[in-house]
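Read the structure below first, then the notes.
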Amino acid sequence: MATRTFKVWRGDKDSGEFKEYTVEVQPGMVVLDGIHRIQAEHSSDLAVRWNCKAGKCGSCSMEINGKPRLGCMTRLNTFAPGETITVQPLKTFPLIKDLVTDVSWNFEQNKRIPPLKPRARDADGNYRMMQEDVDRVQEFRKCIECFLCQDVCHVLRDHKKHDHFVGPRFMIRLAQLEMHPLDTADRVPQMRKEFGSGWCNITRCCTEVCPEHIQITDNGIIPMKERVVDRYYDPIAWFMKKVFGGSKA
Amino acid sequence: MNSSAATSSVGGHVSGFAATRRSDGWWHGWALTAGGLILFFGYLTVRAMTGQYYWADPYISPVASPPLFTPVSGPGVVPLHHAWFGAFPKFWPRFLPQSPAFFIPGLAIAFRATCYYYRKAYYRAFAASPPACAVGGAPLKYRGETALLLFQNLHRYVLYGALFLLVFLWYDAFAAFFRHGKFGIGVGTLVLIINATLLSGYTFGCHSWRHLIGGKLNCFSCDGASKTRYKIWKKSTWLNERHMLFAWLSLFWVAFTDFYVMMVSRGAITDLHTW
């Protein structure tokens, strides 16, 4: 029977260390399976957050061989036979225990974003939208809030600019609302000042790690940066708006 | 852990320049990008400084097109009648080579320098901000694009310039079918057409173009103009999804086109043609 060695971070917010475990593995196993086997056979107090095991709940976010990934979607044969698999908690958020971090900062950011403010209903009391108007928004709705994008974003991860930038997950939340065909709220001033669109230098790591393959940078962040340019950094657009007027199209 | 200066923290994460626990070859992409940018932009900069061998009738190098001024004489210089304002003015500083590349073609450099794709490429390759995902960046104060780099927001203005330039590159490509007024075709004609095609693919996949042409709308179905803009936006989106590919292909081909015209102009190779 084949075996695989895992090097897992064990500890809490004050201290800890890597511990090695060797477990039996079968074809088709994912990293989360390995963690569960460690729990079952070696260390029942190993803390890990998980739920669906299908890449849809976003719970089992961790760093596997240095890259933010979902434990349940990372097959062991991604790595060379015999390669030790290093498993760590997310770096960007405070550690609670072992592989579990406190991601509540993200929920606080979500609360700061003004919610959908729909226009008046049609005369028959319905809202009508065409599919082409909501295609862009639906891409962002695929987000499972695993926060891997937040973890890998160097503005948060390395520079700790949590007070300046809401992170890629909430930039696409903003895009989702701003592009919504029914919405009438204006979040562009907040996007620039409070949510910090200018702090992103579009190095696209968020897009690289997204398990839902959302084009976070190209379809979310850059279009929002362009809307900020429309409002604040484009004298021609400013002039046209002054002359011809403008509203949320 | 890659960096000897790295420090470990709670969670076992490492910090410091190039520090990471990634076990894949993350630096391959970094090295390829840095090498490619140095090679192609280096070549084009050197060629822009030479001021020679930009012309091999009926071909003009994209490095020199469209020429506002041209030297009166010299090997492979653009003919005087082809330059918008003729010869370089007398007050042109002697220490500067008389190169048509210093004027309108410079827009192409500005367009690429502020391009959202190239920003990623050079922030990673040269500013190490960060060099790769989940790899420690350079120990510099980080302000993102909020301070000095606010000028990146002018990308749409250089886009307008790039669109202007593109018209002339297509003109050059069609003009390459005519030599002394006679219709024909040469390998150089094909090279110039491919150049204009790839640059069009790159320009019309630009994020700013995609935004201005339709992305800024929230309703694509509201009126006739919105529906038309939506159709163009969808085509731009197809190109935008391949923006990196077109960025590299067009960069390579601009350099190759210039190289081809230079070699024909020097007589180092013979252009096969029907004239």
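Every chain in the structure tokens has a letter given in the order shown (A, B, ...), and although residue numbers restart at 1 in each chain, ligands are simply numbered from 1 in the order shown.
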Starting from chain B, keep only residues with some atom at most 8 Å from an atom of chain A, counting only C-alpha atoms, and report them as a PDB file with C-alpha atoms, in the first residue's frame.
```
ATOM      1  CA  VAL B  10       2.916  31.553  13.489  1.00  0.00           C
ATOM      2  CA  GLY B  11       1.322  29.284  10.934  1.00  0.00           C
ATOM      3  CA  GLY B  12       4.737  28.361   9.573  1.00  0.00           C
ATOM      4  CA  HIS B  13       4.615  31.055   6.900  1.00  0.00           C
ATOM      5  CA  SER B  15       8.367  36.326   5.170  1.00  0.00           C
ATOM      6  CA  THR B  20       7.850  31.036  -0.012  1.00  0.00           C
ATOM      7  CA  ARG B  21       6.954  27.472   0.779  1.00  0.00           C
ATOM      8  CA  ARG B  22       5.922  26.883  -2.805  1.00  0.00           C
ATOM      9  CA  SER B  23       7.606  23.772  -4.132  1.00  0.00           C
ATOM     10  CA  TYR B 116      -3.182  46.284 -17.572  1.00  0.00           C
ATOM     11  CA  ARG B 119       1.512  46.219 -15.539  1.00  0.00           C
ATOM     12  CA  LYS B 120       1.121  42.741 -14.079  1.00  0.00           C
ATOM     13  CA  ALA B 121       4.155  41.576 -16.049  1.00  0.00           C
ATOM     14  CA  TYR B 123       5.245  44.714 -11.419  1.00  0.00           C
ATOM     15  CA  ARG B 124       6.069  41.043 -10.996  1.00  0.00           C
ATOM     16  CA  SER B 129       5.566  43.267  -6.135  1.00  0.00           C
ATOM     17  CA  PRO B 130       5.166  40.308  -5.784  1.00  0.00           C
ATOM     18  CA  ALA B 132       4.860  35.408  -8.003  1.00  0.00           C
ATOM     19  CA  CYS B 133       1.735  34.462  -6.082  1.00  0.00           C
ATOM     20  CA  ALA B 134       2.361  33.676  -2.401  1.00  0.00           C
ATOM     21  CA  GLY B 136       7.508  37.405  -0.692  1.00  0.00           C
ATOM     22  CA  GLY B 137       7.890  40.731  -2.485  1.00  0.00           C
ATOM     23  CA  TYR B 142       3.838  49.717  -0.969  1.00  0.00           C
ATOM     24  CA  ARG B 143       1.302  52.300  -2.158  1.00  0.00           C
ATOM     25  CA  GLY B 144      -0.280  50.338  -4.991  1.00  0.00           C
ATOM     26  CA  GLU B 145      -1.551  52.647  -7.716  1.00  0.00           C
ATOM     27  CA  THR B 146      -2.587  55.382  -5.300  1.00  0.00           C
ATOM     28  CA  ASN B 153      -5.083  55.839 -15.006  1.00  0.00           C
ATOM     29  CA  LEU B 154      -4.162  57.658 -18.216  1.00  0.00           C
ATOM     30  CA  HIS B 207      -9.348  46.630 -20.988  1.00  0.00           C
ATOM     31  CA  SER B 208      -9.937  50.358 -21.400  1.00  0.00           C
ATOM     32  CA  HIS B 211     -14.831  49.386 -20.850  1.00  0.00           C
ATOM     33  CA  GLY B 215     -18.374  47.600 -20.283  1.00  0.00           C
ATOM     34  CA  LYS B 216     -19.337  50.828 -18.545  1.00  0.00           C
ATOM     35  CA  LEU B 217     -23.019  50.200 -19.300  1.00  0.00           C
ATOM     36  CA  ASN B 218     -25.213  48.387 -16.805  1.00  0.00           C
ATOM     37  CA  CYS B 219     -27.935  47.674 -19.307  1.00  0.00           C
ATOM     38  CA  PHE B 220     -27.007  46.123 -22.633  1.00  0.00           C
ATOM     39  CA  SER B 221     -30.577  45.698 -23.841  1.00  0.00           C
TER      40      SER B 221
END
```
If you count only C-alpha atoms, which residues fall within 6 Å of segment 236-242 of chain B, apart from same-chain ones fewer than 2 positions away, as number ranges by chain? B: 204-205, 210, 233-234, 244-245
Could you save the residues just selected, with C-alpha atoms, as a PDB file, in the first residue's frame?
```pdb
ATOM      1  CA  PHE B 204      -9.147  45.937 -29.445  1.00  0.00           C
ATOM      2  CA  GLY B 205      -8.740  43.526 -26.531  1.00  0.00           C
ATOM      3  CA  ARG B 210     -13.605  47.096 -23.602  1.00  0.00           C
ATOM      4  CA  TRP B 233     -18.170  44.498 -26.226  1.00  0.00           C
ATOM      5  CA  LYS B 234     -18.608  40.751 -26.689  1.00  0.00           C
ATOM      6  CA  MET B 244      -1.706  38.344 -22.836  1.00  0.00           C
ATOM      7  CA  LEU B 245      -1.322  36.177 -25.941  1.00  0.00           C
TER       8      LEU B 245
END
```
Please identify all polymer residues within 8 Å of Phe195 of chain A, counting only C-alpha atoms, omitting same-chain residues fewer than 3 positions from it, and present them as an mmCIF file with N, CA and C atoms, in the first residue's frame.
```cif
data_model
loop_
_atom_site.group_PDB
_atom_site.id
_atom_site.type_symbol
_atom_site.label_atom_id
_atom_site.label_comp_id
_atom_site.auth_asym_id
_atom_site.auth_seq_id
_atom_site.Cartn_x
_atom_site.Cartn_y
_atom_site.Cartn_z
ATOM 1 N N HIS A 164 -7.022 49.625 4.355
ATOM 2 C CA HIS A 164 -7.094 50.420 3.135
ATOM 3 C C HIS A 164 -7.828 49.731 1.987
ATOM 4 N N PHE A 165 -7.778 48.420 1.942
ATOM 5 C CA PHE A 165 -8.259 47.693 0.764
ATOM 6 C C PHE A 165 -9.164 46.538 1.203
ATOM 7 N N VAL A 166 -10.333 46.446 0.570
ATOM 8 C CA VAL A 166 -11.274 45.383 0.964
ATOM 9 C C VAL A 166 -10.894 44.018 0.403
ATOM 10 N N GLN A 190 -17.000 55.530 -2.827
ATOM 11 C CA GLN A 190 -16.522 54.643 -1.757
ATOM 12 C C GLN A 190 -15.467 53.669 -2.277
ATOM 13 N N MET A 191 -15.707 53.226 -3.513
ATOM 14 C CA MET A 191 -14.774 52.261 -4.097
ATOM 15 C C MET A 191 -13.365 52.848 -4.144
ATOM 16 N N ARG A 192 -13.311 54.129 -4.480
ATOM 17 C CA ARG A 192 -12.005 54.778 -4.587
ATOM 18 C C ARG A 192 -11.403 55.049 -3.214
#
```
Identify, on the basis of only C-alpha atoms, every residue whose closest approach to Leu107 of chain B does not exceed 7 Å; exclude the query and any residue fewer than 6 positions from it along the same chain; express the result as a PDB file with N, CA and C atoms, in the first residue's frame.
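After the write, around_27.pdb holds the following:
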```pdb
ATOM      1  N   VAL B 158      -3.664  56.992 -23.872  1.00  0.00           N
ATOM      2  CA  VAL B 158      -2.693  56.408 -24.797  1.00  0.00           C
ATOM      3  C   VAL B 158      -3.378  55.377 -25.690  1.00  0.00           C
ATOM      4  N   GLY B 161      -4.342  57.259 -28.595  1.00  0.00           N
ATOM      5  CA  GLY B 161      -3.143  57.416 -29.434  1.00  0.00           C
ATOM      6  C   GLY B 161      -2.820  56.147 -30.188  1.00  0.00           C
ATOM      7  N   ALA B 162      -2.984  55.000 -29.527  1.00  0.00           N
ATOM      8  CA  ALA B 162      -2.674  53.722 -30.170  1.00  0.00           C
ATOM      9  C   ALA B 162      -3.644  53.446 -31.321  1.00  0.00           C
TER      10      ALA B 162
END
```
Within 7 Å of segment 47-56 of chain B, counting only C-alpha atoms, which residues show up once you throw out same-chain ones fewer than 3 positions away? Write them as a VMD selection string, please. chain B and resid 43 to 44 59 to 61 63 to 64 74 to 78 97 to 101 261 to 262 264 to 266
Given the selection you just returned, output its residues as a file containing C-alpha atoms, formatted as a PDB file, in the first residue's frame.
```pdb
ATOM      1  CA  TYR B  43      15.875  45.420 -29.088  1.00  0.00           C
ATOM      2  CA  LEU B  44      13.203  48.001 -29.976  1.00  0.00           C
ATOM      3  CA  TYR B  59       8.225  48.602 -46.669  1.00  0.00           C
ATOM      4  CA  ILE B  60       8.562  50.835 -43.624  1.00  0.00           C
ATOM      5  CA  SER B  61       9.500  49.568 -40.184  1.00  0.00           C
ATOM      6  CA  VAL B  63       9.524  51.464 -35.315  1.00  0.00           C
ATOM      7  CA  ALA B  64       9.569  54.549 -37.582  1.00  0.00           C
ATOM      8  CA  GLY B  74      21.738  57.955 -44.443  1.00  0.00           C
ATOM      9  CA  PRO B  75      21.495  54.227 -44.967  1.00  0.00           C
ATOM     10  CA  GLY B  76      17.922  52.952 -45.124  1.00  0.00           C
ATOM     11  CA  VAL B  77      16.343  56.219 -44.014  1.00  0.00           C
ATOM     12  CA  VAL B  78      12.698  56.948 -44.773  1.00  0.00           C
ATOM     13  CA  PRO B  97      20.099  60.615 -33.250  1.00  0.00           C
ATOM     14  CA  GLN B  98      17.694  61.762 -35.972  1.00  0.00           C
ATOM     15  CA  SER B  99      15.179  58.984 -35.485  1.00  0.00           C
ATOM     16  CA  PRO B 100      11.504  59.138 -36.520  1.00  0.00           C
ATOM     17  CA  ALA B 101      10.858  56.657 -33.694  1.00  0.00           C
ATOM     18  CA  VAL B 261      12.774  45.512 -42.989  1.00  0.00           C
ATOM     19  CA  MET B 262      16.240  46.208 -41.603  1.00  0.00           C
ATOM     20  CA  VAL B 264      16.122  43.825 -46.564  1.00  0.00           C
ATOM     21  CA  SER B 265      17.225  47.447 -46.316  1.00  0.00           C
ATOM     22  CA  ARG B 266      20.816  46.400 -45.581  1.00  0.00           C
TER      23      ARG B 266
END
```
Could you check the closest approach to Arg69 of chain A for each of A:Leu148, A:Val188, A:His213, A:Ile221 and tell me which residue wins, using only C-alpha atoms?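 Ranking A:Leu148, A:Val188, A:His213, A:Ile221 by distance to Arg69 of chain A, first place goes to A:Leu148.
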What lies within 8 Å of segment 113-116 of chain A using only C-alpha atoms, ignoring chain neighbours under 3 positions off, as number ranges by chain? A: 109-110, 174, 177, 183-185, 187
Given the selection you just returned, output its residues as a file containing C-alpha atoms, formatted as a PDB file, in the first residue's frame.
```
ATOM      1  CA  GLN A 109     -16.082  44.183   4.909  1.00  0.00           C
ATOM      2  CA  ASN A 110     -19.250  42.841   3.363  1.00  0.00           C
ATOM      3  CA  LEU A 174     -18.859  45.691  -5.630  1.00  0.00           C
ATOM      4  CA  LEU A 177     -23.745  45.358  -7.473  1.00  0.00           C
ATOM      5  CA  ASP A 183     -29.340  48.865  -9.140  1.00  0.00           C
ATOM      6  CA  THR A 184     -29.458  52.622  -8.618  1.00  0.00           C
ATOM      7  CA  ALA A 185     -26.891  53.094  -5.838  1.00  0.00           C
ATOM      8  CA  ARG A 187     -20.614  53.129  -4.856  1.00  0.00           C
TER       9      ARG A 187
END
```
DSSP on the backbone: what in segment 133-203 of chain A comes out alpha helix (DSSP H), as a VMD selection string? chain A and resid 133 to 141 148 to 152 154 to 157 168 to 178 188 to 193
Take the residues just selected and output them with N, CA and C atoms as an mmCIF file, in the first residue's frame.
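Contents of out09.cif, freshly written:
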```cif
data_model
loop_
_atom_site.group_PDB
_atom_site.id
_atom_site.type_symbol
_atom_site.label_atom_id
_atom_site.label_comp_id
_atom_site.auth_asym_id
_atom_site.auth_seq_id
_atom_site.Cartn_x
_atom_site.Cartn_y
_atom_site.Cartn_z
ATOM 1 N N ASP A 133 -27.942 41.129 -19.714
ATOM 2 C CA ASP A 133 -27.668 42.165 -18.706
ATOM 3 C C ASP A 133 -27.181 41.582 -17.387
ATOM 4 N N VAL A 134 -27.460 40.302 -17.174
ATOM 5 C CA VAL A 134 -27.068 39.704 -15.885
ATOM 6 C C VAL A 134 -25.966 38.651 -16.023
ATOM 7 N N ASP A 135 -25.528 38.389 -17.260
ATOM 8 C CA ASP A 135 -24.449 37.406 -17.444
ATOM 9 C C ASP A 135 -23.217 37.760 -16.611
ATOM 10 N N ARG A 136 -22.827 39.026 -16.654
ATOM 11 C CA ARG A 136 -21.616 39.433 -15.928
ATOM 12 C C ARG A 136 -21.801 39.246 -14.429
ATOM 13 N N VAL A 137 -22.984 39.623 -13.941
ATOM 14 C CA VAL A 137 -23.268 39.534 -12.513
ATOM 15 C C VAL A 137 -23.267 38.073 -12.060
ATOM 16 N N GLN A 138 -23.789 37.205 -12.927
ATOM 17 C CA GLN A 138 -23.879 35.786 -12.549
ATOM 18 C C GLN A 138 -22.507 35.146 -12.393
ATOM 19 N N GLU A 139 -21.525 35.627 -13.144
ATOM 20 C CA GLU A 139 -20.173 35.078 -12.952
ATOM 21 C C GLU A 139 -19.709 35.317 -11.513
ATOM 22 N N PHE A 140 -19.980 36.503 -11.002
ATOM 23 C CA PHE A 140 -19.530 36.824 -9.641
ATOM 24 C C PHE A 140 -20.329 36.065 -8.586
ATOM 25 N N ARG A 141 -21.569 35.689 -8.957
ATOM 26 C CA ARG A 141 -22.399 34.928 -8.018
ATOM 27 C C ARG A 141 -21.845 33.524 -7.780
ATOM 28 N N LEU A 148 -9.679 32.401 -0.664
ATOM 29 C CA LEU A 148 -8.324 32.135 -1.158
ATOM 30 C C LEU A 148 -7.767 33.378 -1.847
ATOM 31 N N CYS A 149 -8.661 34.111 -2.543
ATOM 32 C CA CYS A 149 -8.207 35.332 -3.234
ATOM 33 C C CYS A 149 -7.744 36.371 -2.216
ATOM 34 N N GLN A 150 -8.457 36.458 -1.117
ATOM 35 C CA GLN A 150 -8.063 37.402 -0.069
ATOM 36 C C GLN A 150 -6.718 36.979 0.538
ATOM 37 N N ASP A 151 -6.544 35.668 0.672
ATOM 38 C CA ASP A 151 -5.316 35.162 1.278
ATOM 39 C C ASP A 151 -4.098 35.435 0.400
ATOM 40 N N VAL A 152 -4.265 35.274 -0.917
ATOM 41 C CA VAL A 152 -3.101 35.385 -1.802
ATOM 42 C C VAL A 152 -2.808 36.832 -2.182
ATOM 43 N N HIS A 154 -1.414 40.147 -2.225
ATOM 44 C CA HIS A 154 -0.224 40.591 -1.476
ATOM 45 C C HIS A 154 -0.487 41.888 -0.723
ATOM 46 N N VAL A 155 -1.517 42.641 -1.136
ATOM 47 C CA VAL A 155 -1.839 43.884 -0.421
ATOM 48 C C VAL A 155 -2.269 43.538 1.015
ATOM 49 N N LEU A 156 -2.986 42.444 1.158
ATOM 50 C CA LEU A 156 -3.417 42.003 2.491
ATOM 51 C C LEU A 156 -2.385 41.053 3.110
ATOM 52 N N ARG A 157 -1.912 40.119 2.300
ATOM 53 C CA ARG A 157 -1.041 39.048 2.795
ATOM 54 C C ARG A 157 0.302 39.567 3.311
ATOM 55 N N PRO A 168 -9.860 41.357 -3.143
ATOM 56 C CA PRO A 168 -10.503 40.973 -4.403
ATOM 57 C C PRO A 168 -11.912 40.417 -4.256
ATOM 58 N N ARG A 169 -12.169 39.675 -3.176
ATOM 59 C CA ARG A 169 -13.506 39.108 -3.031
ATOM 60 C C ARG A 169 -14.566 40.218 -3.000
ATOM 61 N N PHE A 170 -14.225 41.319 -2.325
ATOM 62 C CA PHE A 170 -15.228 42.375 -2.191
ATOM 63 C C PHE A 170 -15.163 43.373 -3.337
ATOM 64 N N MET A 171 -14.089 43.335 -4.099
ATOM 65 C CA MET A 171 -14.103 44.111 -5.340
ATOM 66 C C MET A 171 -15.096 43.473 -6.316
ATOM 67 N N ILE A 172 -15.161 42.134 -6.340
ATOM 68 C CA ILE A 172 -16.156 41.537 -7.252
ATOM 69 C C ILE A 172 -17.565 41.635 -6.669
ATOM 70 N N ARG A 173 -17.655 41.727 -5.369
ATOM 71 C CA ARG A 173 -18.973 41.987 -4.759
ATOM 72 C C ARG A 173 -19.459 43.387 -5.195
ATOM 73 N N LEU A 174 -18.528 44.342 -5.171
ATOM 74 C CA LEU A 174 -18.859 45.691 -5.630
ATOM 75 C C LEU A 174 -19.211 45.690 -7.114
ATOM 76 N N ALA A 175 -18.442 44.931 -7.900
ATOM 77 C CA ALA A 175 -18.711 44.857 -9.343
ATOM 78 C C ALA A 175 -20.089 44.243 -9.587
ATOM 79 N N GLN A 176 -20.387 43.219 -8.826
ATOM 80 C CA GLN A 176 -21.674 42.524 -8.948
ATOM 81 C C GLN A 176 -22.841 43.505 -8.736
ATOM 82 N N LEU A 177 -22.686 44.388 -7.763
ATOM 83 C CA LEU A 177 -23.745 45.358 -7.473
ATOM 84 C C LEU A 177 -23.739 46.507 -8.477
ATOM 85 N N GLU A 178 -22.543 47.009 -8.782
ATOM 86 C CA GLU A 178 -22.453 48.161 -9.678
ATOM 87 C C GLU A 178 -22.938 47.833 -11.087
ATOM 88 N N VAL A 188 -19.164 54.285 -6.445
ATOM 89 C CA VAL A 188 -17.855 54.627 -7.014
ATOM 90 C C VAL A 188 -17.009 55.478 -6.066
ATOM 91 N N PRO A 189 -17.569 56.512 -5.434
ATOM 92 C CA PRO A 189 -16.724 57.288 -4.504
ATOM 93 C C PRO A 189 -16.166 56.423 -3.369
ATOM 94 N N GLN A 190 -17.000 55.530 -2.827
ATOM 95 C CA GLN A 190 -16.522 54.643 -1.757
ATOM 96 C C GLN A 190 -15.467 53.669 -2.277
ATOM 97 N N MET A 191 -15.707 53.226 -3.513
ATOM 98 C CA MET A 191 -14.774 52.261 -4.097
ATOM 99 C C MET A 191 -13.365 52.848 -4.144
ATOM 100 N N ARG A 192 -13.311 54.129 -4.480
ATOM 101 C CA ARG A 192 -12.005 54.778 -4.587
ATOM 102 C C ARG A 192 -11.403 55.049 -3.214
ATOM 103 N N LYS A 193 -12.198 55.631 -2.313
ATOM 104 C CA LYS A 193 -11.630 56.084 -1.046
ATOM 105 C C LYS A 193 -11.650 55.026 0.048
#
```
What's around segment 171-179 of chain B at 6 Å? Count only C-alpha atoms, leave out sequence neighbours fewer than 4 positions away in its own chain, and write the answer as a JSON list (two decimals) with N, CA and C atoms, in the first residue's frame.
```
[["chain", "number", "residue", "atom", "x", "y", "z"],
["B", 58, "PRO", "N", 8.77, 48.79, -50.80],
["B", 58, "PRO", "CA", 7.81, 49.76, -50.25],
["B", 58, "PRO", "C", 7.53, 49.55, -48.76],
["B", 59, "TYR", "N", 8.47, 48.93, -48.08],
["B", 59, "TYR", "CA", 8.22, 48.60, -46.67],
["B", 59, "TYR", "C", 8.82, 49.65, -45.74],
["B", 183, "PHE", "N", 1.04, 47.26, -58.64],
["B", 183, "PHE", "CA", 0.50, 46.36, -57.63],
["B", 183, "PHE", "C", 1.30, 45.05, -57.62],
["B", 184, "GLY", "N", 1.53, 44.54, -56.46],
["B", 184, "GLY", "CA", 2.25, 43.27, -56.32],
["B", 184, "GLY", "C", 2.24, 42.85, -54.86],
["B", 185, "ILE", "N", 2.99, 41.82, -54.59],
["B", 185, "ILE", "CA", 3.05, 41.36, -53.19],
["B", 185, "ILE", "C", 4.43, 40.77, -52.92],
["B", 189, "THR", "N", 5.23, 42.36, -47.51],
["B", 189, "THR", "CA", 3.82, 42.77, -47.45],
["B", 189, "THR", "C", 3.08, 41.92, -46.42],
["B", 192, "LEU", "N", 4.06, 42.83, -42.90],
["B", 192, "LEU", "CA", 3.41, 44.06, -42.41],
["B", 192, "LEU", "C", 1.93, 43.84, -42.12],
["B", 193, "ILE", "N", 1.27, 43.00, -42.91],
["B", 193, "ILE", "CA", -0.16, 42.74, -42.66],
["B", 193, "ILE", "C", -0.34, 41.96, -41.36]]
```
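As for atom CA of Gly181 of chain B and atom CA of Thr274 of chain B, they are spaced 13.3 Å apart.
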By how many Å are atom CA of Leu149 of chain B and atom CA of Gly36 of chain B apart?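 Straight-line distance from atom CA of Leu149 of chain B to atom CA of Gly36 of chain B works out to 23.1 Å.
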Go through A:Lys7, A:His42, A:Arg75, A:Lys53 and flag the residue nearest Gly28 of chain A, using only C-alpha atoms for the distances. A:Arg75
Provide the atom CA of Thr78 of chain A to atom CA of Arg4 of chain A distance in Å, to one decimal place.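 These atoms are spaced 12.6 Å apart.
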